[in-house]
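As stored in entry_37.csv (CSV, C-alpha atoms):
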```csv
chain,number,residue,atom,x,y,z
A,26,MET,CA,30.4,125.6,52.7
A,27,GLY,CA,29.1,129.1,52.7
A,28,ALA,CA,25.8,130.9,52.4
A,29,VAL,CA,26.7,133.3,49.6
A,30,GLU,CA,26.4,132.2,46.0
A,31,ASN,CA,28.2,133.5,42.9
A,32,ALA,CA,26.9,132.2,39.6
A,33,LEU,CA,29.6,131.3,37.1
A,34,ASP,CA,29.5,130.8,33.3
A,35,ASN,CA,30.5,127.2,32.5
A,36,THR,CA,32.9,128.4,29.9
A,37,GLU,CA,34.7,130.5,32.4
A,38,HIS,CA,35.1,127.8,35.0
A,39,ARG,CA,35.9,124.4,33.5
A,40,LEU,CA,35.1,121.5,35.7
A,41,PRO,CA,37.3,118.3,35.6
A,42,GLY,CA,36.2,116.2,32.6
A,43,GLU,CA,35.8,113.0,34.6
A,44,ALA,CA,33.7,114.9,37.1
A,45,VAL,CA,31.5,116.4,34.4
A,46,GLU,CA,30.7,112.9,33.0
A,47,ILE,CA,29.7,111.8,36.5
A,48,LEU,CA,27.4,114.8,36.8
A,49,LYS,CA,25.8,114.1,33.5
A,50,SER,CA,25.2,110.5,34.4
A,51,LEU,CA,23.6,111.5,37.7
A,52,ALA,CA,21.3,113.9,35.9
A,53,ALA,CA,20.3,111.4,33.2
A,54,ASN,CA,19.5,108.8,35.8
A,55,TRP,CA,17.1,111.1,37.7
A,56,GLY,CA,14.8,111.2,34.6
A,57,ASP,CA,13.2,114.6,35.3
A,58,VAL,CA,16.1,116.8,34.2
A,59,LEU,CA,15.4,118.6,30.9
A,60,ASP,CA,19.0,118.3,29.6
A,61,PRO,CA,21.8,116.8,31.6
A,62,ASN,CA,24.3,118.9,29.6
A,63,GLU,CA,22.7,122.2,30.7
A,64,LEU,CA,24.2,122.4,34.2
A,65,GLN,CA,24.7,125.7,36.1
A,66,VAL,CA,27.7,126.1,38.3
A,67,ILE,CA,27.4,128.3,41.4
A,68,ARG,CA,30.4,129.1,43.5
A,69,LEU,CA,29.7,128.9,47.3
A,70,LYS,CA,31.8,131.4,49.2
A,71,GLY,CA,33.1,130.9,52.7
A,72,ALA,CA,34.9,127.6,52.2
A,73,MET,CA,38.7,127.9,53.0
A,74,THR,CA,39.9,124.4,52.6
A,75,ASN,CA,38.2,123.3,49.4
A,76,GLN,CA,36.5,124.9,46.4
A,77,VAL,CA,32.8,124.2,46.8
A,78,PHE,CA,30.1,124.7,44.1
A,79,GLN,CA,26.4,124.1,43.8
A,80,ILE,CA,25.5,122.4,40.5
A,81,LYS,CA,21.9,122.7,39.3
A,82,TRP,CA,19.8,121.6,36.4
A,83,PRO,CA,16.3,122.8,35.3
A,84,THR,CA,13.7,120.0,35.5
A,85,LYS,CA,10.4,119.3,33.8
A,86,THR,CA,8.6,120.9,36.7
A,87,GLU,CA,8.7,124.7,36.4
A,88,ASP,CA,10.8,126.5,39.0
A,89,VAL,CA,12.1,123.2,40.4
A,90,SER,CA,15.8,122.3,40.0
A,91,ARG,CA,17.9,119.3,40.7
A,92,LYS,CA,21.0,120.2,42.8
A,93,VAL,CA,24.2,118.6,44.1
A,94,ILE,CA,27.2,119.9,45.9
A,95,PHE,CA,30.5,119.7,44.0
A,96,ARG,CA,33.7,119.8,46.0
A,97,ILE,CA,37.2,120.3,44.5
A,98,TYR,CA,39.9,119.5,47.1
A,99,GLY,CA,42.2,122.4,48.0
A,100,GLU,CA,45.8,122.2,46.8
A,101,GLY,CA,48.3,121.5,49.5
A,102,VAL,CA,45.8,121.2,52.3
A,103,GLU,CA,46.6,117.5,52.9
A,104,VAL,CA,49.2,118.8,55.4
A,105,PHE,CA,46.3,119.4,57.7
A,106,PHE,CA,44.5,116.1,57.6
A,107,ASP,CA,44.5,112.6,56.0
A,108,ARG,CA,42.2,112.8,53.0
A,109,ASP,CA,41.5,109.0,53.2
A,110,ASP,CA,40.5,109.4,56.9
A,111,GLU,CA,38.2,112.3,55.9
A,112,ILE,CA,36.5,110.3,53.1
A,113,ARG,CA,36.0,107.3,55.5
A,114,THR,CA,34.4,109.6,58.0
A,115,PHE,CA,32.2,111.1,55.3
A,116,GLU,CA,31.0,107.7,54.2
A,117,PHE,CA,30.4,106.6,57.7
A,118,MET,CA,28.3,109.7,58.5
A,119,SER,CA,26.4,109.3,55.2
A,120,LYS,CA,25.5,105.6,56.0
A,121,HIS,CA,24.3,106.6,59.4
A,122,GLY,CA,22.1,109.5,58.3
A,123,GLN,CA,24.3,112.1,59.8
A,124,GLY,CA,25.2,114.1,56.7
A,125,PRO,CA,24.8,114.2,52.9
A,126,ARG,CA,25.1,111.1,50.8
A,127,LEU,CA,28.2,110.5,48.6
A,128,LEU,CA,27.1,110.6,45.0
A,129,GLY,CA,30.4,110.3,43.2
A,130,ARG,CA,34.2,110.6,43.5
A,131,PHE,CA,36.9,111.8,41.1
A,132,PRO,CA,40.7,112.1,41.6
A,133,ASN,CA,40.7,115.6,43.2
A,134,GLY,CA,37.2,115.9,44.6
A,135,ARG,CA,33.7,114.4,45.1
A,136,ILE,CA,30.0,115.0,44.5
A,137,GLU,CA,27.6,115.1,47.4
A,138,GLU,CA,23.9,115.1,48.0
A,139,PHE,CA,22.4,118.6,48.2
A,140,ILE,CA,20.8,119.0,51.6
A,141,HIS,CA,17.6,121.0,51.5
A,142,ALA,CA,18.5,123.1,54.5
A,143,ARG,CA,19.9,126.5,55.2
A,144,THR,CA,23.5,127.0,56.1
A,145,LEU,CA,23.8,129.1,59.2
A,146,SER,CA,25.0,132.6,59.3
A,147,ALA,CA,27.2,134.2,62.0
A,148,SER,CA,24.3,135.7,63.8
A,149,ASP,CA,22.5,132.4,64.0
A,150,LEU,CA,25.0,131.1,66.5
A,151,ARG,CA,23.7,133.7,69.0
A,152,ASP,CA,20.1,132.7,68.6
A,153,THR,CA,19.1,131.0,71.8
A,154,GLU,CA,16.9,128.3,70.2
A,155,ILE,CA,19.4,127.5,67.4
A,156,SER,CA,22.3,127.4,69.9
A,157,SER,CA,20.4,124.8,72.0
A,158,LEU,CA,19.9,122.7,68.9
A,159,ILE,CA,23.6,122.9,68.1
A,160,ALA,CA,24.5,121.9,71.6
A,161,SER,CA,22.3,118.8,71.5
A,162,LYS,CA,23.6,117.9,68.0
A,163,MET,CA,27.2,118.3,69.1
A,164,LYS,CA,26.6,115.9,72.0
A,165,GLU,CA,25.1,113.4,69.6
A,166,PHE,CA,28.1,113.9,67.2
A,167,HIS,CA,30.6,113.4,70.1
A,168,ASP,CA,28.9,110.1,71.1
A,169,LEU,CA,29.3,108.5,67.7
A,170,ASP,CA,31.1,105.2,67.8
A,171,MET,CA,33.5,105.7,64.9
A,172,PRO,CA,35.4,102.7,63.5
A,173,GLY,CA,39.2,102.6,64.1
A,174,GLN,CA,41.4,103.9,66.9
A,175,LYS,CA,39.9,106.3,69.4
A,176,ASN,CA,43.1,108.1,70.4
A,177,VAL,CA,43.3,111.9,71.1
A,178,ARG,CA,44.8,113.5,68.0
A,179,LEU,CA,45.0,117.1,69.2
A,180,TRP,CA,48.5,117.3,70.6
A,181,GLU,CA,50.1,115.3,67.8
A,182,ARG,CA,48.4,117.5,65.3
A,183,LEU,CA,49.6,120.7,66.9
A,184,ARG,CA,53.2,119.4,66.9
A,185,ASN,CA,53.0,118.4,63.3
A,186,TRP,CA,51.5,121.7,62.3
A,187,LEU,CA,54.1,123.6,64.2
A,188,ARG,CA,56.9,121.7,62.5
A,189,VAL,CA,55.3,122.5,59.1
A,190,ALA,CA,54.8,126.1,60.0
A,191,LYS,CA,58.4,126.5,61.0
A,192,SER,CA,59.6,124.8,57.9
A,193,LEU,CA,57.6,127.1,55.6
A,194,SER,CA,58.3,130.4,57.5
A,195,LEU,CA,61.1,132.8,57.0
A,196,PRO,CA,63.2,133.3,60.1
A,197,GLU,CA,61.8,136.7,60.7
A,198,GLU,CA,58.2,135.4,60.3
A,199,ALA,CA,58.9,132.6,62.8
A,200,GLU,CA,60.3,135.1,65.2
A,201,ALA,CA,57.4,137.5,64.8
A,202,PHE,CA,54.9,134.7,65.6
A,203,CYS,CA,57.1,133.3,68.5
A,204,LEU,CA,57.0,129.8,67.0
A,205,ASP,CA,59.9,128.7,69.3
A,206,ASN,CA,57.9,129.8,72.3
A,207,ILE,CA,54.8,128.0,71.0
A,208,GLU,CA,56.9,124.8,70.8
A,209,GLU,CA,57.5,125.2,74.5
A,210,GLU,CA,53.9,125.9,75.2
A,211,ILE,CA,52.4,122.8,73.6
A,212,PRO,CA,53.7,120.3,76.2
A,213,ILE,CA,52.7,122.7,79.0
A,214,LEU,CA,49.2,122.8,77.7
A,215,GLU,CA,49.1,119.0,77.2
A,216,GLU,CA,50.2,118.3,80.7
A,217,GLU,CA,47.9,120.8,82.3
A,218,PHE,CA,44.8,119.9,80.3
A,219,SER,CA,45.1,116.1,79.9
A,220,GLN,CA,43.1,115.1,83.0
A,221,ALA,CA,41.8,111.6,83.6
A,222,TYR,CA,38.2,112.8,84.2
A,223,GLN,CA,37.9,114.5,80.8
A,224,CYS,CA,35.4,113.1,78.3
A,225,ILE,CA,36.9,112.1,75.0
A,226,GLY,CA,34.6,112.0,72.0
A,227,PHE,CA,34.5,112.1,68.2
A,228,CYS,CA,35.0,115.9,67.6
A,229,HIS,CA,34.3,117.9,64.5
A,230,ASN,CA,37.1,120.4,65.4
A,231,ASP,CA,35.9,123.1,63.0
A,232,LEU,CA,32.3,123.8,64.1
A,233,GLN,CA,32.0,127.3,62.6
A,234,TYR,CA,28.6,128.5,61.4
A,235,GLY,CA,29.3,127.5,57.7
A,236,ASN,CA,29.6,123.8,58.7
A,237,ILE,CA,26.1,123.8,60.3
A,238,MET,CA,22.8,123.5,58.5
A,239,ILE,CA,19.3,123.8,59.7
A,240,ASP,CA,16.1,122.4,58.2
A,241,GLU,CA,13.7,125.1,59.3
A,242,GLU,CA,10.6,122.9,58.7
A,243,THR,CA,11.8,120.2,61.1
A,244,ASN,CA,14.2,122.3,63.2
A,245,SER,CA,16.8,119.6,62.7
A,246,ILE,CA,20.6,120.4,62.6
A,247,THR,CA,23.1,118.7,60.2
A,248,ILE,CA,26.8,119.0,60.8
A,249,ILE,CA,28.9,118.9,57.6
A,250,ASP,CA,32.5,119.0,56.4
A,251,TYR,CA,34.5,116.5,58.4
A,252,GLU,CA,38.1,117.2,57.2
A,253,TYR,CA,39.4,118.0,60.7
A,254,ALA,CA,37.3,115.5,62.6
A,255,SER,CA,39.0,113.2,65.1
A,256,TYR,CA,38.8,111.9,68.6
A,257,ASN,CA,39.6,114.7,71.1
A,258,PRO,CA,38.6,116.1,74.4
A,259,VAL,CA,35.0,117.3,73.9
A,260,ALA,CA,35.9,120.5,75.8
A,261,PHE,CA,38.2,121.5,72.9
A,262,ASP,CA,35.3,121.2,70.4
A,263,ILE,CA,33.0,123.3,72.5
A,264,ALA,CA,35.7,125.9,73.1
A,265,ASN,CA,36.4,126.0,69.4
A,266,HIS,CA,32.7,126.6,68.6
A,267,PHE,CA,32.6,129.4,71.1
A,268,CYS,CA,35.7,131.1,69.6
A,269,GLU,CA,34.1,130.9,66.1
A,270,MET,CA,31.4,133.3,67.4
A,271,ALA,CA,34.0,136.0,66.9
A,272,ALA,CA,34.1,135.3,63.2
A,273,ASP,CA,32.0,136.3,60.2
A,274,TYR,CA,33.4,134.9,57.0
A,275,HIS,CA,30.9,136.6,54.7
A,276,THR,CA,31.9,140.2,55.2
A,277,GLU,CA,34.3,142.4,53.1
A,278,THR,CA,37.0,141.5,55.7
A,279,PRO,CA,36.3,137.9,56.5
A,280,HIS,CA,39.6,137.4,58.3
A,281,ILE,CA,38.8,140.0,61.0
A,282,LEU,CA,37.8,138.6,64.3
A,283,ASP,CA,35.8,140.4,67.0
A,284,PHE,CA,36.4,138.7,70.3
A,285,ASN,CA,33.9,141.0,72.0
A,286,LYS,CA,31.4,138.6,70.5
A,287,TYR,CA,32.7,135.7,72.5
A,288,PRO,CA,29.7,134.3,74.4
A,289,GLY,CA,29.2,135.6,78.0
A,290,LEU,CA,29.0,133.4,81.0
A,291,GLU,CA,25.2,133.0,81.0
A,292,GLU,CA,25.3,132.0,77.3
A,293,ARG,CA,28.1,129.5,77.8
A,294,GLN,CA,26.3,128.0,80.8
A,295,ARG,CA,23.1,127.6,78.9
A,296,PHE,CA,25.0,125.8,76.0
A,297,VAL,CA,26.9,123.5,78.3
A,298,ARG,CA,23.8,122.7,80.4
A,299,THR,CA,21.9,121.7,77.2
A,300,TYR,CA,24.8,119.7,75.9
A,301,LEU,CA,25.1,117.7,79.1
A,302,SER,CA,21.4,117.0,79.4
A,303,PHE,CA,21.0,115.8,75.8
A,304,SER,CA,20.5,112.2,76.9
A,305,GLY,CA,17.7,113.2,79.2
A,306,ASN,CA,19.6,113.1,82.4
A,307,GLU,CA,19.9,116.3,84.4
A,308,ARG,CA,23.5,117.1,85.3
A,309,SER,CA,24.6,118.7,88.5
A,310,GLU,CA,25.8,122.3,88.6
A,311,ASN,CA,29.2,121.0,89.6
A,312,GLU,CA,29.4,119.0,86.3
A,313,VAL,CA,28.3,122.0,84.3
A,314,GLU,CA,30.9,124.2,86.1
A,315,LEU,CA,33.7,121.7,85.6
A,316,LEU,CA,33.1,121.4,81.9
A,317,LEU,CA,32.8,125.2,81.6
A,318,GLN,CA,36.2,125.6,83.2
A,319,ASP,CA,37.8,123.1,80.9
A,320,VAL,CA,36.2,124.7,77.8
A,321,GLU,CA,37.6,128.1,78.8
A,322,LYS,CA,41.1,126.6,79.1
A,323,TYR,CA,40.8,124.9,75.7
A,324,THR,CA,40.1,128.2,74.0
A,325,LEU,CA,43.9,128.6,74.3
A,326,VAL,CA,44.5,125.5,72.3
A,327,SER,CA,41.9,126.6,69.7
A,328,HIS,CA,43.9,129.8,69.2
A,329,LEU,CA,47.2,127.9,68.7
A,330,PHE,CA,45.4,125.4,66.4
A,331,TRP,CA,44.0,127.9,64.0
A,332,GLY,CA,47.0,130.3,64.3
A,333,LEU,CA,49.3,127.6,63.0
A,334,TRP,CA,46.7,126.7,60.4
A,335,GLY,CA,46.8,130.3,59.2
A,336,ILE,CA,50.5,130.4,58.9
A,337,ILE,CA,50.6,127.1,56.9
A,338,SER,CA,47.6,128.2,54.7
A,339,GLU,CA,49.4,131.4,53.7
A,340,HIS,CA,52.0,129.2,52.0
A,341,VAL,CA,49.9,126.3,50.6
A,342,ASN,CA,46.3,127.6,50.1
A,343,GLU,CA,45.4,129.7,47.0
A,344,ILE,CA,42.0,130.8,48.3
A,345,ASP,CA,41.7,134.6,48.7
A,346,PHE,CA,41.9,135.1,52.4
A,347,ALA,CA,44.3,137.1,54.7
A,348,PHE,CA,45.6,134.0,56.4
A,349,ILE,CA,48.6,135.7,58.1
A,350,GLU,CA,46.5,138.4,59.6
A,351,TYR,CA,44.0,135.8,60.8
A,352,ALA,CA,46.9,133.9,62.4
A,353,ARG,CA,48.2,137.0,64.1
A,354,GLN,CA,44.8,137.6,65.8
A,355,ARG,CA,44.6,134.1,67.0
A,356,PHE,CA,48.1,134.2,68.5
A,357,GLN,CA,47.5,137.6,70.1
A,358,GLN,CA,44.4,136.2,71.7
A,359,TYR,CA,46.4,133.3,73.0
A,360,TRP,CA,49.0,135.4,74.7
A,361,SER,CA,46.5,137.9,76.0
A,362,ARG,CA,44.3,135.2,77.6
A,363,ARG,CA,47.0,132.9,78.8
A,364,PRO,CA,47.7,134.7,82.1
A,365,ALA,CA,44.0,134.6,83.2
A,366,LEU,CA,43.5,131.0,82.1
A,367,LEU,CA,46.8,129.4,82.8
A,368,GLY,CA,48.4,131.7,85.3
A,369,SER,CA,52.2,131.5,85.7
A,370,VAL,CA,52.4,127.8,84.8
A,371,GLY,CA,55.5,127.4,82.6
A,372,ALA,CA,55.8,131.0,81.7
A,373,SER,CA,58.3,133.7,82.5
A,374,SER,CA,57.2,136.6,84.7
A,375,GLU,CA,57.5,139.0,81.8
A,376,SER,CA,55.2,137.1,79.5
A,377,VAL,CA,52.6,136.5,82.2
A,378,THR,CA,52.6,140.2,83.1
A,379,ASP,CA,52.2,141.8,79.7
A,380,GLY,CA,50.5,139.0,77.8
A,381,SER,CA,53.2,138.7,75.2
A,382,CYS,CA,55.3,135.8,74.1
A,383,ALA,CA,58.5,137.2,75.5
A,384,THR,CA,60.6,134.8,77.5
```

What does the file become when written as structure tokens?
Amino acid sequence: MGAVENALDNTEHRLPGEAVEILKSLAANWGDVLDPNELQVIRLKGAMTNQVFQIKWPTKTEDVSRKVIFRIYGEGVEVFFDRDDEIRTFEFMSKHGQGPRLLGRFPNGRIEEFIHARTLSASDLRDTEISSLIASKMKEFHDLDMPGQKNVRLWERLRNWLRVAKSLSLPEEAEAFCLDNIEEEIPILEEEFSQAYQCIGFCHNDLQYGNIMIDEETNSITIIDYEYASYNPVAFDIANHFCEMAADYHTETPHILDFNKYPGLEERQRFVRTYLSFSGNERSENEVELLLQDVEKYTLVSHLFWGLWGIISEHVNEIDFAFIEYARQRFQQYWSRRPALLGSVGASSESVTDGSCAT
């Protein structure tokens, strides 16, 4: 979900017929909508997995509209996650007051409650007060007791995505992105990072600014869009959130990342300290430092995760986004940061020295 809106003429963008009937039924049941047939469709920019729209109707009260969120599932993106799992997560979150209510479903999408809150912008992530709210909300999210198995999904997902990326890529593309090398890297990372002391929680796995909303009257945070959510090391989720501070998906070049915007040590310490103290218990500096170290290491996994996502998306996703260039930046960041964060573990001397994927 994004913060930028583009109004569309209903004749130019035809919604699925079954979905339109659900929308009209919803509007008729509210009672205050002037005409259920007079719906306005507004495209929300910034979403890269689904097509997301705001639907609105004029009401009998001047300058007041009824609104819902209308989501059409992206073509081919089921390779990234199980849609049934995602819907079960959405319904669970909805029932427990953690996100928007589900208002209706149709074969290739759903209709959601419109939350009267503001979607964050890239700059909001750097706001000290908002960042603290996000840290606390993330801990609350991680502590959710979701039904079903609570197994870590990260490494299995990486292997699956790598297999798909290799099957979709031309040989020269696979070579350029060092996919064979990445196949060797995944078990190294898994062995090095899978420590018994690590906290496993229900992770969002895509906590970029567009998936966070704030009610500025109550200062409450809502986390939305759970396609990639699963149980994982919480350090990965925090690392991924930090990496997202390099992105701004609402510019003329939304695929360009600026890793100079990665949060500095003091900012990371403040976030982790707030996260750990959410339950009201002050944590020791040793606990803060240990989680910080794990978070930094898991940034490497985040780069592989979204690098592979970028390669696959180039082949299956029709949304206008430079997926390959995005992937290239994530992989470059992986290889450039690997020597500092992983040292010589499992790597040739050449790749450790120059930050490349050479073996």

Item to check | Residue neighbourhood range 273-286 of chain A, 10 Å, only C-alpha atoms, exclusion window fewer than 3 positions, as a VMD selection string | outcome: chain A and resid 27 to 29 70 to 73 146 to 148 151 233 to 235 267 to 270 289 346 to 352 354 to 355 358

Checklist entry - When you draw a straight line from CA of Ala260 in chain A to CA of Phe106 in chain A, how long is it in Å? => result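 Between CA of Ala260 in chain A and CA of Phe106 in chain A the gap is 20.6 Å.
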
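The neighbours of Phe218 in chain A here are the residues that come within 9 Å of it, using all atoms listed in the file and leaving out any residue fewer than 6 positions away in the same chain; they are Asp319, Lys322 and Tyr323 of chain A.
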
Checklist entry - Within 9 Å of Phe166 in chain A, counting all atoms listed in the file, which residues qualify if same-chain residues fewer than 6 places away don't, as a PyMOL selection string? => result chain A and resi 123+226-229+248

Show me, as a Markdown table, the residues of range 174-202 of chain A having an atom within 7 Å of range 330-339 of chain A, each with the closest atom pair and its distance in Å, using only C-alpha atoms.
```
| residue | atom | partner | partner_atom | distance |
| --- | --- | --- | --- | --- |
| A:Leu183 | CA | A:Phe330 | CA | 6.3 |
| A:Trp186 | CA | A:Leu333 | CA | 6.3 |
| A:Leu187 | CA | A:Leu333 | CA | 6.4 |
| A:Val189 | CA | A:Ile337 | CA | 6.9 |
| A:Ala190 | CA | A:Ile337 | CA | 5.3 |
```

Next on the checklist: From the options A:Asn311, A:Ser90, A:Ser255, A:Ser302, which residue's atoms come nearest to Asp107 in chain A, counting only C-alpha atoms?
Outcome noted: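 Of A:Asn311, A:Ser90, A:Ser255, A:Ser302, the one nearest Asp107 in chain A is A:Ser255, counting only C-alpha atoms.
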
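Between CA of Glu210 in chain A and CA of Leu367 in chain A the separation is 11.0 Å.
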
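CA of Thr114 in chain A is found 20.6 Å from CA of Cys224 in chain A.
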
Item to check | Residue among A:Asn62, A:Thr247, A:Gln76, A:Thr153 lying closest to Arg293 in chain A, counting only C-alpha atoms | outcome: A:Thr153

Checklist outcome for this item: If you count all atoms listed in the file, the residue of A:Ile140, A:Leu195, A:Leu317, A:Leu127 closest to Gln79 in chain A turns out to be A:Ile140

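Closest approach to Leu329 in chain A from the set A:Phe139, A:Tyr251, A:Phe105, A:Trp180 is made by A:Trp180, with distances taken over all atoms listed in the file.
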
Next on the checklist: Counting only C-alpha atoms, which residues have an atom no more than 10 Å from (55.6, 134.5, 64.6) in the file's coordinates? Please list them as a list in words.
Outcome noted: Ala190, Lys191, Ser194, Leu195, Pro196, Glu197, Glu198, Ala199, Glu200, Ala201, Phe202, Cys203, Leu204, Asp205, Asn206, Ile207, Gly332, Leu333, Ile336, Ile349, Ala352, Arg353, Phe356 and Cys382 of chain A

Next on the checklist: Taking all atoms listed in the file into account, name the residue in A:Tyr253, A:Ile344, A:Arg68, A:Ile136 that is nearest to Ile94 in chain A.
Outcome noted: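 Nearest to Ile94 in chain A: A:Ile136.
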
Item to check | Pick from A:Gln294, A:Thr144, A:Asn54, A:Ser245 nearest to Leu158 in chain A, counting all atoms listed in the file | outcome: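 Looking at the shortest contact to Leu158 in chain A, the residue is A:Ser245.
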
Would you list the contacts of Ala160 in chain A as a PDB file with C-alpha atoms, keeping the file's coordinate frame, taking every protein, DNA or RNA residue within 9 Å and counting all atoms listed in the file, but skipping same-chain residues closer than 3 positions in sequence?
```pdb
ATOM      1  CA  ILE A 155      19.400 127.500  67.400  1.00  0.00           C
ATOM      2  CA  SER A 156      22.300 127.400  69.900  1.00  0.00           C
ATOM      3  CA  SER A 157      20.400 124.800  72.000  1.00  0.00           C
ATOM      4  CA  MET A 163      27.200 118.300  69.100  1.00  0.00           C
ATOM      5  CA  LYS A 164      26.600 115.900  72.000  1.00  0.00           C
ATOM      6  CA  GLU A 165      25.100 113.400  69.600  1.00  0.00           C
ATOM      7  CA  ILE A 263      33.000 123.300  72.500  1.00  0.00           C
ATOM      8  CA  PHE A 296      25.000 125.800  76.000  1.00  0.00           C
ATOM      9  CA  VAL A 297      26.900 123.500  78.300  1.00  0.00           C
ATOM     10  CA  ARG A 298      23.800 122.700  80.400  1.00  0.00           C
ATOM     11  CA  THR A 299      21.900 121.700  77.200  1.00  0.00           C
ATOM     12  CA  TYR A 300      24.800 119.700  75.900  1.00  0.00           C
ATOM     13  CA  LEU A 301      25.100 117.700  79.100  1.00  0.00           C
ATOM     14  CA  PHE A 303      21.000 115.800  75.800  1.00  0.00           C
TER      15      PHE A 303
END
```

Item to check | Residue neighbourhood Ile246 in chain A, 7 Å, only C-alpha atoms, exclusion window fewer than 4 positions, as a ChimeraX atom specification | outcome: /A:158-159,162,237-240

Mind dumping the selected residues with C-alpha atoms as a PDB file, keeping the file's coordinate frame?
```pdb
ATOM      1  CA  LEU A 158      19.900 122.700  68.900  1.00  0.00           C
ATOM      2  CA  ILE A 159      23.600 122.900  68.100  1.00  0.00           C
ATOM      3  CA  LYS A 162      23.600 117.900  68.000  1.00  0.00           C
ATOM      4  CA  ILE A 237      26.100 123.800  60.300  1.00  0.00           C
ATOM      5  CA  MET A 238      22.800 123.500  58.500  1.00  0.00           C
ATOM      6  CA  ILE A 239      19.300 123.800  59.700  1.00  0.00           C
ATOM      7  CA  ASP A 240      16.100 122.400  58.200  1.00  0.00           C
TER       8      ASP A 240
END
```

Starting from the incomplete input, reconstruct all heavy atoms of range 209-214 of chain A and report them as a PDB file, in the frame of the given file.
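File written: selection22.pdb
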```
ATOM      1  N   GLU A 209      57.416 125.430  73.078  1.00  0.00           N
ATOM      2  CA  GLU A 209      57.500 125.200  74.500  1.00  0.00           C
ATOM      3  C   GLU A 209      56.136 125.155  75.174  1.00  0.00           C
ATOM      4  O   GLU A 209      55.943 124.481  76.195  1.00  0.00           O
ATOM      5  CB  GLU A 209      58.351 126.296  75.166  1.00  0.00           C
ATOM      6  CG  GLU A 209      59.787 126.336  74.678  1.00  0.00           C
ATOM      7  CD  GLU A 209      60.552 127.540  75.215  1.00  0.00           C
ATOM      8  OE1 GLU A 209      59.943 128.331  75.966  1.00  0.00           O
ATOM      9  OE2 GLU A 209      61.744 127.684  74.882  1.00  0.00           O
ATOM     10  N   GLU A 210      55.187 125.857  74.593  1.00  0.00           N
ATOM     11  CA  GLU A 210      53.900 125.900  75.200  1.00  0.00           C
ATOM     12  C   GLU A 210      53.055 124.641  75.028  1.00  0.00           C
ATOM     13  O   GLU A 210      52.289 124.265  75.921  1.00  0.00           O
ATOM     14  CB  GLU A 210      53.056 127.078  74.529  1.00  0.00           C
ATOM     15  CG  GLU A 210      53.544 128.478  74.880  1.00  0.00           C
ATOM     16  CD  GLU A 210      53.251 128.833  76.326  1.00  0.00           C
ATOM     17  OE1 GLU A 210      52.063 128.887  76.705  1.00  0.00           O
ATOM     18  OE2 GLU A 210      54.213 129.045  77.082  1.00  0.00           O
ATOM     19  N   ILE A 211      53.203 123.967  73.900  1.00  0.00           N
ATOM     20  CA  ILE A 211      52.400 122.800  73.600  1.00  0.00           C
ATOM     21  C   ILE A 211      52.457 121.723  74.702  1.00  0.00           C
ATOM     22  O   ILE A 211      51.428 121.252  75.206  1.00  0.00           O
ATOM     23  CB  ILE A 211      52.653 122.246  72.218  1.00  0.00           C
ATOM     24  CG1 ILE A 211      52.205 123.259  71.150  1.00  0.00           C
ATOM     25  CG2 ILE A 211      51.945 120.898  72.007  1.00  0.00           C
ATOM     26  CD1 ILE A 211      52.599 122.898  69.733  1.00  0.00           C
ATOM     27  N   PRO A 212      53.677 121.308  75.120  1.00  0.00           N
ATOM     28  CA  PRO A 212      53.700 120.300  76.200  1.00  0.00           C
ATOM     29  C   PRO A 212      53.187 120.781  77.522  1.00  0.00           C
ATOM     30  O   PRO A 212      52.662 119.987  78.305  1.00  0.00           O
ATOM     31  CB  PRO A 212      55.220 119.930  76.273  1.00  0.00           C
ATOM     32  CG  PRO A 212      55.941 121.056  75.618  1.00  0.00           C
ATOM     33  CD  PRO A 212      55.019 121.600  74.585  1.00  0.00           C
ATOM     34  N   ILE A 213      53.307 122.087  77.770  1.00  0.00           N
ATOM     35  CA  ILE A 213      52.700 122.700  79.000  1.00  0.00           C
ATOM     36  C   ILE A 213      51.222 122.507  78.989  1.00  0.00           C
ATOM     37  O   ILE A 213      50.608 122.060  79.966  1.00  0.00           O
ATOM     38  CB  ILE A 213      53.138 124.137  79.150  1.00  0.00           C
ATOM     39  CG1 ILE A 213      54.650 124.263  79.353  1.00  0.00           C
ATOM     40  CG2 ILE A 213      52.379 124.793  80.306  1.00  0.00           C
ATOM     41  CD1 ILE A 213      55.159 125.699  79.275  1.00  0.00           C
ATOM     42  N   LEU A 214      50.618 122.879  77.874  1.00  0.00           N
ATOM     43  CA  LEU A 214      49.200 122.800  77.700  1.00  0.00           C
ATOM     44  C   LEU A 214      48.715 121.320  77.838  1.00  0.00           C
ATOM     45  O   LEU A 214      47.726 120.998  78.505  1.00  0.00           O
ATOM     46  CB  LEU A 214      48.706 123.377  76.417  1.00  0.00           C
ATOM     47  CG  LEU A 214      48.946 124.873  76.222  1.00  0.00           C
ATOM     48  CD1 LEU A 214      48.578 125.283  74.803  1.00  0.00           C
ATOM     49  CD2 LEU A 214      48.167 125.701  77.223  1.00  0.00           C
TER      50      LEU A 214
END
```
